[in-house]
file target.pdb (PDB, C-alpha atoms)
ATOM      1  CA  MET A  23     202.405  66.382 189.181
ATOM      2  CA  VAL A  24     203.981  67.389 185.866
ATOM      3  CA  ARG A  25     204.824  64.421 183.679
ATOM      4  CA  GLN A  26     207.955  64.192 181.585
ATOM      5  CA  ARG A  27     207.920  63.560 177.852
ATOM      6  CA  THR A  28     206.617  60.060 177.165
ATOM      7  CA  GLU A  29     209.200  57.523 176.064
ATOM      8  CA  TYR A  30     207.234  54.278 176.315
ATOM      9  CA  ASP A  31     203.891  53.222 174.919
ATOM     10  CA  VAL A  32     203.482  50.613 177.650
ATOM     11  CA  VAL A  33     205.231  49.868 180.932
ATOM     12  CA  VAL A  34     204.392  46.347 182.122
ATOM     13  CA  VAL A  35     204.950  45.594 185.807
ATOM     14  CA  GLY A  36     205.315  42.084 187.210
ATOM     15  CA  GLY A  37     204.495  38.641 185.945
ATOM     16  CA  THR A  38     207.620  37.039 184.463
ATOM     17  CA  GLY A  39     208.760  33.456 184.924
ATOM     18  CA  VAL A  40     209.330  30.147 183.172
ATOM     19  CA  ASP A  41     206.673  27.648 182.056
ATOM     20  CA  THR A  42     207.398  23.926 181.967
ATOM     21  CA  ILE A  43     205.099  22.419 179.308
ATOM     22  CA  VAL A  44     203.996  18.795 179.683
ATOM     23  CA  ARG A  45     201.863  17.397 176.846
ATOM     24  CA  VAL A  46     199.207  14.853 177.841
ATOM     25  CA  ASP A  47     196.523  12.981 175.918
ATOM     26  CA  ALA A  48     193.596  14.524 177.774
ATOM     27  CA  LEU A  49     192.617  16.642 180.791
ATOM     28  CA  PRO A  50     192.098  15.814 183.562
ATOM     29  CA  VAL A  51     194.990  13.385 183.703
ATOM     30  CA  PRO A  52     193.938   9.967 185.077
ATOM     31  CA  PRO A  53     195.655   9.013 188.352
ATOM     32  CA  ALA A  54     198.708   6.828 187.860
ATOM     33  CA  ASP A  55     202.123   6.280 189.387
ATOM     34  CA  SER A  56     203.800   7.136 186.083
ATOM     35  CA  VAL A  57     202.545   8.555 182.790
ATOM     36  CA  MET A  58     204.501   8.488 179.537
ATOM     37  CA  VAL A  59     204.525  11.895 177.822
ATOM     38  CA  GLY A  60     206.268  13.563 174.907
ATOM     39  CA  PRO A  61     209.310  15.823 175.269
ATOM     40  CA  ILE A  62     208.946  18.201 178.215
ATOM     41  CA  GLN A  63     209.804  21.751 177.201
ATOM     42  CA  GLU A  64     210.498  24.974 179.060
ATOM     43  CA  TRP A  65     209.546  28.441 177.812
ATOM     44  CA  PRO A  66     210.264  31.750 179.550
ATOM     45  CA  GLY A  67     207.263  34.042 179.544
ATOM     46  CA  HIS A  68     204.352  34.157 182.019
ATOM     47  CA  THR A  69     201.695  36.824 181.778
ATOM     48  CA  GLY A  70     203.792  39.987 182.153
ATOM     49  CA  GLY A  71     206.575  38.687 179.945
ATOM     50  CA  ASN A  72     204.104  37.607 177.281
ATOM     51  CA  VAL A  73     202.310  40.965 177.263
ATOM     52  CA  ALA A  74     205.611  42.835 176.997
ATOM     53  CA  LEU A  75     206.941  40.575 174.234
ATOM     54  CA  GLY A  76     203.654  40.739 172.347
ATOM     55  CA  ALA A  77     203.459  44.509 172.562
ATOM     56  CA  ARG A  78     207.045  44.845 171.353
ATOM     57  CA  ALA A  79     206.368  42.474 168.432
ATOM     58  CA  LEU A  80     203.588  44.890 167.419
ATOM     59  CA  GLY A  81     206.097  47.741 167.282
ATOM     60  CA  LEU A  82     205.198  49.402 170.584
ATOM     61  CA  GLU A  83     207.890  50.900 172.806
ATOM     62  CA  VAL A  84     207.864  48.734 175.921
ATOM     63  CA  ALA A  85     209.561  48.537 179.302
ATOM     64  CA  LEU A  86     209.065  45.620 181.689
ATOM     65  CA  LEU A  87     209.703  45.915 185.429
ATOM     66  CA  ASP A  88     209.664  42.908 187.729
ATOM     67  CA  CYS A  89     211.107  41.228 190.800
ATOM     68  CA  ILE A  90     212.991  38.056 189.832
ATOM     69  CA  GLY A  91     215.729  35.881 191.266
ATOM     70  CA  ASP A  92     219.449  35.896 190.585
ATOM     71  CA  ASP A  93     219.109  32.302 189.445
ATOM     72  CA  TRP A  94     219.081  30.022 186.412
ATOM     73  CA  THR A  95     215.378  30.610 185.839
ATOM     74  CA  GLY A  96     215.836  34.374 185.946
ATOM     75  CA  ALA A  97     218.654  34.094 183.418
ATOM     76  CA  ARG A  98     216.256  32.340 181.033
ATOM     77  CA  VAL A  99     213.763  35.184 181.456
ATOM     78  CA  ARG A 100     216.428  37.810 180.747
ATOM     79  CA  GLU A 101     217.587  35.919 177.660
ATOM     80  CA  ARG A 102     214.062  35.596 176.225
ATOM     81  CA  LEU A 103     213.235  39.254 176.790
ATOM     82  CA  ALA A 104     216.509  40.324 175.181
ATOM     83  CA  GLU A 105     215.715  38.150 172.146
ATOM     84  CA  GLY A 106     212.344  39.891 171.902
ATOM     85  CA  ASP A 107     213.944  43.362 172.154
ATOM     86  CA  VAL A 108     212.095  44.169 175.394
ATOM     87  CA  GLU A 109     213.722  46.697 177.709
ATOM     88  CA  PHE A 110     213.820  44.819 181.016
ATOM     89  CA  HIS A 111     214.519  46.321 184.443
ATOM     90  CA  PRO A 112     214.635  43.699 187.237
ATOM     91  CA  VAL A 113     214.718  43.998 191.010
ATOM     92  CA  ILE A 114     216.441  40.979 192.550
ATOM     93  CA  SER A 115     214.200  38.993 194.885
ATOM     94  CA  PRO A 116     215.717  36.527 197.380
ATOM     95  CA  ALA A 117     212.689  34.267 196.791
ATOM     96  CA  GLY A 118     213.845  33.541 193.248
ATOM     97  CA  THR A 119     212.073  33.538 189.890
ATOM     98  CA  ARG A 120     208.497  32.275 189.509
ATOM     99  CA  ARG A 121     207.729  29.045 187.661
ATOM    100  CA  ALA A 122     204.688  27.114 186.443
ATOM    101  CA  VAL A 123     204.045  23.595 185.210
ATOM    102  CA  ASN A 124     201.396  23.546 182.494
ATOM    103  CA  LEU A 125     199.660  20.385 181.306
ATOM    104  CA  VAL A 126     198.524  20.770 177.675
ATOM    105  CA  ASP A 127     196.152  18.290 176.026
ATOM    106  CA  ALA A 128     195.843  17.282 172.371
ATOM    107  CA  THR A 129     193.412  20.140 171.639
ATOM    108  CA  GLY A 130     195.755  22.783 173.063
ATOM    109  CA  ARG A 131     193.740  23.248 176.276
ATOM    110  CA  ARG A 132     195.881  23.711 179.365
ATOM    111  CA  MET A 133     195.916  23.320 183.153
ATOM    112  CA  SER A 134     198.512  25.383 184.987
ATOM    113  CA  PHE A 135     200.204  24.714 188.330
ATOM    114  CA  TYR A 136     201.550  28.142 189.326
ATOM    115  CA  ASP A 137     204.462  28.616 191.720
ATOM    116  CA  ALA A 138     203.494  31.796 193.604
ATOM    117  CA  ARG A 139     206.728  32.109 195.543
ATOM    118  CA  ASP A 140     206.819  35.880 196.141
ATOM    119  CA  PRO A 141     206.792  36.695 199.888
ATOM    120  CA  GLU A 142     203.938  38.896 201.121
ATOM    121  CA  ASP A 143     206.333  41.682 202.105
ATOM    122  CA  LEU A 144     208.034  41.897 198.693
ATOM    123  CA  ARG A 145     207.975  45.489 197.411
ATOM    124  CA  MET A 146     209.288  47.356 194.358
ATOM    125  CA  PRO A 147     211.116  50.577 195.374
ATOM    126  CA  ARG A 148     209.399  53.828 194.352
ATOM    127  CA  ASP A 149     212.628  55.360 193.067
ATOM    128  CA  PHE A 150     212.943  52.327 190.779
ATOM    129  CA  TYR A 151     209.505  52.400 189.105
ATOM    130  CA  LEU A 152     208.508  56.085 189.241
ATOM    131  CA  PRO A 153     210.987  57.348 186.601
ATOM    132  CA  ARG A 154     209.600  54.813 184.081
ATOM    133  CA  LEU A 155     205.951  55.411 184.919
ATOM    134  CA  ARG A 156     206.445  59.155 184.416
ATOM    135  CA  ARG A 157     207.517  58.465 180.835
ATOM    136  CA  THR A 158     204.807  56.075 179.641
ATOM    137  CA  ARG A 159     201.461  56.428 177.882
ATOM    138  CA  HIS A 160     200.026  53.371 179.602
ATOM    139  CA  ALA A 161     200.781  50.979 182.473
ATOM    140  CA  HIS A 162     199.788  47.324 182.651
ATOM    141  CA  LEU A 163     199.934  45.658 186.063
ATOM    142  CA  SER A 164     200.171  41.903 186.474
ATOM    143  CA  ILE A 165     198.380  40.743 189.617
ATOM    144  CA  MET A 166     201.491  40.181 191.717
ATOM    145  CA  ASN A 167     200.907  41.324 195.306
ATOM    146  CA  PHE A 168     203.692  43.918 195.151
ATOM    147  CA  THR A 169     202.234  45.670 192.100
ATOM    148  CA  ARG A 170     199.087  46.756 193.989
ATOM    149  CA  PHE A 171     201.248  49.235 195.886
ATOM    150  CA  LEU A 172     201.898  51.177 192.645
ATOM    151  CA  TYR A 173     198.275  52.263 192.181
ATOM    152  CA  ASP A 174     198.476  55.465 194.242
ATOM    153  CA  ASP A 175     201.454  56.715 192.241
ATOM    154  CA  ILE A 176     199.895  55.691 188.917
ATOM    155  CA  GLU A 177     196.717  57.622 189.751
ATOM    156  CA  ALA A 178     198.724  60.658 190.883
ATOM    157  CA  LEU A 179     200.614  60.613 187.571
ATOM    158  CA  GLY A 180     197.394  60.353 185.574
ATOM    159  CA  VAL A 181     198.640  57.303 183.663
ATOM    160  CA  PRO A 182     195.907  54.967 182.339
ATOM    161  CA  VAL A 183     196.299  51.455 183.751
ATOM    162  CA  SER A 184     195.078  48.006 182.733
ATOM    163  CA  THR A 185     195.203  44.619 184.414
ATOM    164  CA  ASP A 186     194.321  40.992 183.727
ATOM    165  CA  LEU A 187     192.555  39.259 186.636
ATOM    166  CA  HIS A 188     192.812  35.853 184.917
ATOM    167  CA  ASP A 189     190.367  33.322 186.395
ATOM    168  CA  TRP A 190     188.738  35.633 188.962
ATOM    169  CA  ASP A 191     185.451  34.351 190.344
ATOM    170  CA  GLY A 192     184.455  37.758 191.709
ATOM    171  CA  LEU A 193     184.973  36.578 195.285
ATOM    172  CA  SER A 194     188.731  36.388 195.873
ATOM    173  CA  ASP A 195     190.019  39.497 197.613
ATOM    174  CA  HIS A 196     193.426  39.258 195.923
ATOM    175  CA  GLN A 197     192.114  40.484 192.553
ATOM    176  CA  ARG A 198     189.457  42.898 193.822
ATOM    177  CA  GLU A 199     191.717  45.920 194.250
ATOM    178  CA  PHE A 200     193.130  45.399 190.754
ATOM    179  CA  ALA A 201     189.584  45.115 189.385
ATOM    180  CA  LEU A 202     188.380  48.332 190.997
ATOM    181  CA  ARG A 203     191.452  50.543 190.491
ATOM    182  CA  SER A 204     192.183  49.895 186.799
ATOM    183  CA  ASP A 205     190.825  51.772 183.776
ATOM    184  CA  LEU A 206     190.767  48.674 181.580
ATOM    185  CA  VAL A 207     190.080  45.237 183.084
ATOM    186  CA  PHE A 208     190.471  41.803 181.508
ATOM    187  CA  PHE A 209     189.473  38.507 183.088
ATOM    188  CA  SER A 210     188.795  34.927 182.054
ATOM    189  CA  ALA A 211     185.156  33.844 182.010
ATOM    190  CA  THR A 212     186.085  30.325 183.169
ATOM    191  CA  ALA A 213     185.728  30.696 186.942
ATOM    192  CA  ALA A 214     182.812  33.155 186.925
ATOM    193  CA  GLY A 215     180.531  30.973 184.791
ATOM    194  CA  ASP A 216     177.051  32.441 184.374
ATOM    195  CA  ARG A 217     178.006  35.327 186.682
ATOM    196  CA  VAL A 218     180.145  36.941 183.980
ATOM    197  CA  PRO A 219     177.642  39.694 182.970
ATOM    198  CA  ALA A 220     176.925  40.603 186.604
ATOM    199  CA  LEU A 221     180.633  40.667 187.431
ATOM    200  CA  MET A 222     181.386  42.933 184.469
ATOM    201  CA  ARG A 223     178.658  45.347 185.572
ATOM    202  CA  GLU A 224     179.951  45.261 189.151
ATOM    203  CA  ILE A 225     183.474  46.214 188.070
ATOM    204  CA  LEU A 226     182.152  49.163 186.056
ATOM    205  CA  ARG A 227     179.738  50.264 188.786
ATOM    206  CA  GLU A 228     182.089  50.071 191.751
ATOM    207  CA  GLY A 229     185.463  50.786 190.158
ATOM    208  CA  ARG A 230     187.116  53.284 187.850
ATOM    209  CA  ALA A 231     187.135  51.093 184.735
ATOM    210  CA  THR A 232     185.539  52.359 181.543
ATOM    211  CA  THR A 233     185.948  49.027 179.732
ATOM    212  CA  VAL A 234     185.791  45.404 180.904
ATOM    213  CA  VAL A 235     186.576  42.358 178.758
ATOM    214  CA  ALA A 236     185.842  38.732 179.678
ATOM    215  CA  THR A 237     187.741  36.268 177.485
ATOM    216  CA  ALA A 238     186.188  32.856 176.832
ATOM    217  CA  GLY A 239     188.709  30.991 174.689
ATOM    218  CA  ALA A 240     187.229  29.423 171.574
ATOM    219  CA  GLU A 241     183.856  31.004 172.420
ATOM    220  CA  GLY A 242     185.309  34.465 171.882
ATOM    221  CA  SER A 243     185.030  37.294 174.382
ATOM    222  CA  TYR A 244     182.521  39.644 175.981
ATOM    223  CA  LEU A 245     182.889  43.418 176.007
ATOM    224  CA  LEU A 246     181.120  45.930 178.247
ATOM    225  CA  THR A 247     181.807  49.649 178.426
ATOM    226  CA  ARG A 248     180.591  52.221 180.936
ATOM    227  CA  GLY A 249     177.004  53.123 180.136
ATOM    228  CA  GLY A 250     176.314  49.832 178.381
ATOM    229  CA  GLU A 251     173.584  47.515 179.627
ATOM    230  CA  GLU A 252     174.599  44.068 178.404
ATOM    231  CA  PRO A 253     177.979  42.642 177.362
ATOM    232  CA  LEU A 254     178.570  42.420 173.627
ATOM    233  CA  HIS A 255     179.764  39.065 172.341
ATOM    234  CA  VAL A 256     182.856  39.239 170.131
ATOM    235  CA  PRO A 257     183.443  35.989 168.194
ATOM    236  CA  ALA A 258     186.803  34.256 168.314
ATOM    237  CA  ALA A 259     189.016  34.682 165.269
ATOM    238  CA  VAL A 260     189.941  31.713 163.103
ATOM    239  CA  PRO A 261     193.571  30.671 163.790
ATOM    240  CA  PRO A 262     195.779  30.952 160.682
ATOM    241  CA  ALA A 263     197.207  27.458 161.352
ATOM    242  CA  PRO A 264     196.311  24.363 163.417
ATOM    243  CA  VAL A 265     195.929  24.953 167.153
ATOM    244  CA  VAL A 266     198.956  23.635 169.063
ATOM    245  CA  ASP A 267     198.907  25.274 172.505
ATOM    246  CA  SER A 268     196.646  27.826 174.197
ATOM    247  CA  ASN A 269     199.387  29.010 176.580
ATOM    248  CA  GLY A 270     199.675  32.780 176.230
ATOM    249  CA  ALA A 271     196.480  33.237 174.181
ATOM    250  CA  GLY A 272     194.911  35.466 176.818
ATOM    251  CA  ASP A 273     198.070  37.554 177.071
ATOM    252  CA  ALA A 274     198.122  37.907 173.287
ATOM    253  CA  PHE A 275     194.489  39.075 173.386
ATOM    254  CA  VAL A 276     195.553  41.780 175.843
ATOM    255  CA  THR A 277     198.369  42.971 173.563
ATOM    256  CA  GLY A 278     196.095  43.122 170.517
ATOM    257  CA  PHE A 279     193.504  45.082 172.484
ATOM    258  CA  LEU A 280     196.115  47.451 173.918
ATOM    259  CA  TYR A 281     197.550  48.078 170.466
ATOM    260  CA  GLY A 282     194.113  49.149 169.255
ATOM    261  CA  ARG A 283     193.463  51.295 172.315
ATOM    262  CA  LEU A 284     196.784  53.116 172.022
ATOM    263  CA  ASP A 285     196.028  53.610 168.316
ATOM    264  CA  GLY A 286     192.805  55.416 169.236
ATOM    265  CA  ARG A 287     190.395  52.696 168.086
ATOM    266  CA  GLU A 288     186.955  52.021 169.541
ATOM    267  CA  PRO A 289     186.643  49.217 172.141
ATOM    268  CA  LEU A 290     184.823  46.852 169.778
ATOM    269  CA  GLU A 291     187.584  47.124 167.182
ATOM    270  CA  CYS A 292     190.167  46.644 169.954
ATOM    271  CA  ALA A 293     188.410  43.434 171.015
ATOM    272  CA  ARG A 294     188.454  42.176 167.442
ATOM    273  CA  LEU A 295     192.190  42.828 167.255
ATOM    274  CA  GLY A 296     192.579  40.995 170.550
ATOM    275  CA  ALA A 297     190.749  38.007 169.079
ATOM    276  CA  VAL A 298     193.091  37.920 166.080
ATOM    277  CA  ALA A 299     196.173  38.083 168.308
ATOM    278  CA  GLY A 300     194.813  35.423 170.679
ATOM    279  CA  ALA A 301     194.069  32.997 167.838
ATOM    280  CA  TYR A 302     197.528  33.522 166.361
ATOM    281  CA  ALA A 303     199.141  32.693 169.723
ATOM    282  CA  CYS A 304     197.588  29.211 169.691
ATOM    283  CA  THR A 305     199.506  28.121 166.592
ATOM    284  CA  ALA A 306     202.874  27.464 168.272
ATOM    285  CA  PRO A 307     204.028  25.937 171.565
ATOM    286  CA  GLY A 308     204.761  27.737 174.791
ATOM    287  CA  SER A 309     203.742  31.344 174.050
ATOM    288  CA  THR A 310     206.226  31.598 171.178
ATOM    289  CA  ALA A 311     203.856  32.823 168.439
ATOM    290  CA  MET A 312     204.032  36.623 168.672
ATOM    291  CA  ILE A 313     201.850  38.300 166.072
ATOM    292  CA  GLY A 314     203.285  41.211 164.083
ATOM    293  CA  ARG A 315     201.502  44.377 163.084
ATOM    294  CA  ALA A 316     200.946  43.272 159.481
ATOM    295  CA  GLU A 317     199.313  39.993 160.569
ATOM    296  CA  LEU A 318     197.235  41.758 163.199
ATOM    297  CA  LEU A 319     195.814  44.419 160.902
ATOM    298  CA  GLY A 320     195.506  42.223 157.813
ATOM    299  CA  PRO A 321     195.326  43.456 154.231
TER     300      PRO A 321
END

call {"tool": "encode", "arguments": {"input": "target.pdb", "output": "structure tokens"}}
result
Amino acid sequence: MVRQRTEYDVVVVGGTGVDTIVRVDALPVPPADSVMVGPIQEWPGHTGGNVALGARALGLEVALLDCIGDDWTGARVRERLAEGDVEFHPVISPAGTRRAVNLVDATGRRMSFYDARDPEDLRMPRDFYLPRLRRTRHAHLSIMNFTRFLYDDIEALGVPVSTDLHDWDGLSDHQREFALRSDLVFFSATAAGDRVPALMREILREGRATTVVATAGAEGSYLLTRGGEEPLHVPAAVPPAPVVDSNGAGDAFVTGFLYGRLDGREPLECARLGAVAGAYACTAPGSTAMIGRAELLGP
């Protein structure tokens, strides 16, 4: 299939919603009938929205496609993306817009309660997404169920694709197809524990990925490329201000890495850029700290 002239650097598919942030003294929260907390805040974002906003803040040309509701929550998403200059193309879902309630402790660590309301039969029409995918350098799929049905068309177009599996333990079938059909795979090391190196090798051995990154928060990240034997540890970057909230840090890591990759940099340098972007994201509440190109690249 002949591709049209590229117009976008990145097309992000899926993963928008609104986070409700509740600040607590410590995690886990002790059982009680009522707990006094500080002001409860709401921030539009979620993983796909954060990646799109972060990529746009770095000067990349971005389009975001998603299924959301014609509701108050969806209006908040539209407003936030417009403020961030992200080109947003929604499909209206009768199930409404996704939400999450995130508990954040005094150190910025979080626990998220995710509202996965999309019905199993939700689909994005081909005539809706194909024109945008034909005009992009790269696609990034959030792990919504409906996005898995785009893989055949993405492969036919020859568009490189990335995904973030989040806290995959290597066992859940939901993430497996994303892991094995993407060129660049991110996941959180939290659920996999000491199986992280084996899981990274499995993704490279059984899938099409050439690069796998396991993020580990303040411990940094681990990078493994095809042909490598052991993951390389990449230290975390020092935040430029006190840590406030880790919401969106993993998404920021993805945007920093993607910026480097689209700029033709080697994977190790991309991971270092991801670390800088992830640390920066922790310095403000609710995924609001979007690093710019000057801060990312430094002097």

call {"tool": "residues_around", "arguments": {"input": "target.pdb", "residues": "stretch 264-268 of chain A", "least_positions_apart": "6", "cutoff": "7 Å", "atoms": "only C-alpha atoms", "output": "list in words"}}
result
Val126, Gly130, Arg131, Arg132, Cys304, Thr305, Ala306, Pro307 and Gly308 of chain A

call {"tool": "resolve_selection", "arguments": {"input": "target.pdb", "expression": "the PyMOL selection byres ((chain A and resi 55-60) around 7)", "output": "NGL selection string"}}
result
:A and (45-46 or 54 or 61-62)

call {"tool": "residues_near_point", "arguments": {"input": "target.pdb", "point": "(188.5, 48.8, 188.4)", "cutoff": "12 Å", "atoms": "all atoms listed in the file", "output": "count of residues only"}}
result
36

call {"tool": "atom_distance", "arguments": {"input": "target.pdb", "atom1": "atom CA of A:Cys89", "atom2": "atom CA of A:Val276"}}
result
21.6 Å

call {"tool": "resolve_selection", "arguments": {"input": "target.pdb", "expression": "the PyMOL selection byres ((chain A and resi 30) around 10)", "output": "CSV table (one decimal) with C-alpha atoms, in the coordinates of the input"}}
result
chain,number,residue,atom,x,y,z
A,27,ARG,CA,207.9,63.6,177.9
A,28,THR,CA,206.6,60.1,177.2
A,29,GLU,CA,209.2,57.5,176.1
A,31,ASP,CA,203.9,53.2,174.9
A,32,VAL,CA,203.5,50.6,177.6
A,33,VAL,CA,205.2,49.9,180.9
A,82,LEU,CA,205.2,49.4,170.6
A,83,GLU,CA,207.9,50.9,172.8
A,84,VAL,CA,207.9,48.7,175.9
A,85,ALA,CA,209.6,48.5,179.3
A,154,ARG,CA,209.6,54.8,184.1
A,155,LEU,CA,206.0,55.4,184.9
A,156,ARG,CA,206.4,59.2,184.4
A,157,ARG,CA,207.5,58.5,180.8
A,158,THR,CA,204.8,56.1,179.6
A,159,ARG,CA,201.5,56.4,177.9
A,160,HIS,CA,200.0,53.4,179.6
A,161,ALA,CA,200.8,51.0,182.5

call {"tool": "closest_residue", "arguments": {"input": "target.pdb", "among": "A:Ala236, A:Leu87, A:Ala316, A:Val256", "to": "A:Arg148", "atoms": "all atoms listed in the file"}}
result
A:Leu87

call {"tool": "resolve_selection", "arguments": {"input": "target.pdb", "expression": "the PyMOL selection byres ((chain A and resi 122) around 12)", "output": "ChimeraX atom specification"}}
result
/A:37-44,63-69,95,119-121,123-125,132-139,269,308

call {"tool": "write_last_selection", "arguments": {"input": "target.pdb", "atoms": "C-alpha atoms", "output": "short mmCIF file (atom, residue, chain, number, x, y, z; two decimals), keeping the file's coordinate frame"}}
result
data_model
loop_
_atom_site.label_atom_id
_atom_site.label_comp_id
_atom_site.auth_asym_id
_atom_site.auth_seq_id
_atom_site.Cartn_x
_atom_site.Cartn_y
_atom_site.Cartn_z
CA GLY A 37 204.50 38.64 185.94
CA THR A 38 207.62 37.04 184.46
CA GLY A 39 208.76 33.46 184.92
CA VAL A 40 209.33 30.15 183.17
CA ASP A 41 206.67 27.65 182.06
CA THR A 42 207.40 23.93 181.97
CA ILE A 43 205.10 22.42 179.31
CA VAL A 44 204.00 18.80 179.68
CA GLN A 63 209.80 21.75 177.20
CA GLU A 64 210.50 24.97 179.06
CA TRP A 65 209.55 28.44 177.81
CA PRO A 66 210.26 31.75 179.55
CA GLY A 67 207.26 34.04 179.54
CA HIS A 68 204.35 34.16 182.02
CA THR A 69 201.70 36.82 181.78
CA THR A 95 215.38 30.61 185.84
CA THR A 119 212.07 33.54 189.89
CA ARG A 120 208.50 32.28 189.51
CA ARG A 121 207.73 29.04 187.66
CA VAL A 123 204.04 23.60 185.21
CA ASN A 124 201.40 23.55 182.49
CA LEU A 125 199.66 20.39 181.31
CA ARG A 132 195.88 23.71 179.36
CA MET A 133 195.92 23.32 183.15
CA SER A 134 198.51 25.38 184.99
CA PHE A 135 200.20 24.71 188.33
CA TYR A 136 201.55 28.14 189.33
CA ASP A 137 204.46 28.62 191.72
CA ALA A 138 203.49 31.80 193.60
CA ARG A 139 206.73 32.11 195.54
CA ASN A 269 199.39 29.01 176.58
CA GLY A 308 204.76 27.74 174.79
#

call {"tool": "closest_residue", "arguments": {"input": "target.pdb", "among": "A:Pro50, A:Ala220, A:Val73, A:Leu318", "to": "A:Glu251", "atoms": "all atoms listed in the file"}}
result
A:Ala220

call {"tool": "atom_distance", "arguments": {"input": "target.pdb", "atom1": "atom CA of A:Thr212", "atom2": "atom CA of A:Ala48"}}
result
18.3 Å

call {"tool": "atom_distance", "arguments": {"input": "target.pdb", "atom1": "atom CA of A:Gly282", "atom2": "atom CA of A:Glu177"}}
result
22.3 Å

call {"tool": "closest_residue", "arguments": {"input": "target.pdb", "among": "A:Asp127, A:Asp195, A:Glu105, A:Asp140", "to": "A:Ile90", "atoms": "only C-alpha atoms"}}
result
A:Asp140

call {"tool": "closest_residue", "arguments": {"input": "target.pdb", "among": "A:Leu254, A:Ala104, A:Cys292, A:Leu280", "to": "A:Val34", "atoms": "all atoms listed in the file"}}
result
A:Leu280

call {"tool": "residues_around", "arguments": {"input": "target.pdb", "residues": "A:Ser243", "least_positions_apart": "6", "cutoff": "10 Å", "atoms": "all atoms listed in the file", "output": "list in words"}}
result
Phe209, Ser210, Ala211, Val235, Ala236, Thr237, Pro253, Leu254, His255, Val256, Pro257, Ala258, Phe275, Ala293, Arg294, Gly296 and Ala297 of chain A

call {"tool": "build_atoms", "arguments": {"input": "target.pdb", "residues": "stretch 293-309 of chain A", "atoms": "N, CA and C atoms", "output": "compact mmCIF listing (two decimals), keeping the file's coordinate frame"}}
result
# COMPACT_ATOMS: atom_id res chain seq x y z
N ALA A 293 188.71 44.82 170.66
CA ALA A 293 188.41 43.43 171.02
C ALA A 293 188.59 42.52 169.82
N ARG A 294 188.25 42.98 168.64
CA ARG A 294 188.45 42.18 167.44
C ARG A 294 189.94 41.96 167.18
N LEU A 295 190.75 42.99 167.40
CA LEU A 295 192.19 42.83 167.26
C LEU A 295 192.73 41.86 168.30
N GLY A 296 192.18 41.94 169.52
CA GLY A 296 192.58 41.00 170.55
C GLY A 296 192.28 39.56 170.16
N ALA A 297 191.13 39.35 169.52
CA ALA A 297 190.75 38.01 169.08
C ALA A 297 191.72 37.48 168.03
N VAL A 298 192.14 38.33 167.11
CA VAL A 298 193.09 37.92 166.08
C VAL A 298 194.43 37.53 166.72
N ALA A 299 194.90 38.36 167.65
CA ALA A 299 196.17 38.08 168.31
C ALA A 299 196.09 36.81 169.15
N GLY A 300 194.97 36.61 169.86
CA GLY A 300 194.81 35.42 170.68
C GLY A 300 194.80 34.15 169.86
N ALA A 301 194.11 34.18 168.71
CA ALA A 301 194.07 33.00 167.84
C ALA A 301 195.45 32.68 167.28
N TYR A 302 196.18 33.70 166.90
CA TYR A 302 197.53 33.52 166.36
C TYR A 302 198.44 32.85 167.39
N ALA A 303 198.27 33.22 168.67
CA ALA A 303 199.14 32.69 169.72
C ALA A 303 198.98 31.20 169.92
N CYS A 304 197.85 30.64 169.49
CA CYS A 304 197.59 29.21 169.69
C CYS A 304 198.28 28.32 168.66
N THR A 305 198.97 28.91 167.71
CA THR A 305 199.51 28.12 166.59
C THR A 305 200.94 27.67 166.80
N ALA A 306 201.51 27.90 167.98
CA ALA A 306 202.87 27.46 168.27
C ALA A 306 202.98 27.14 169.75
N PRO A 307 203.94 26.34 170.16
CA PRO A 307 204.03 25.94 171.56
C PRO A 307 204.59 27.02 172.47
N GLY A 308 204.12 26.98 173.73
CA GLY A 308 204.76 27.74 174.79
C GLY A 308 204.82 29.23 174.61
N SER A 309 203.79 29.88 174.16
CA SER A 309 203.74 31.34 174.05
C SER A 309 204.81 31.89 173.12
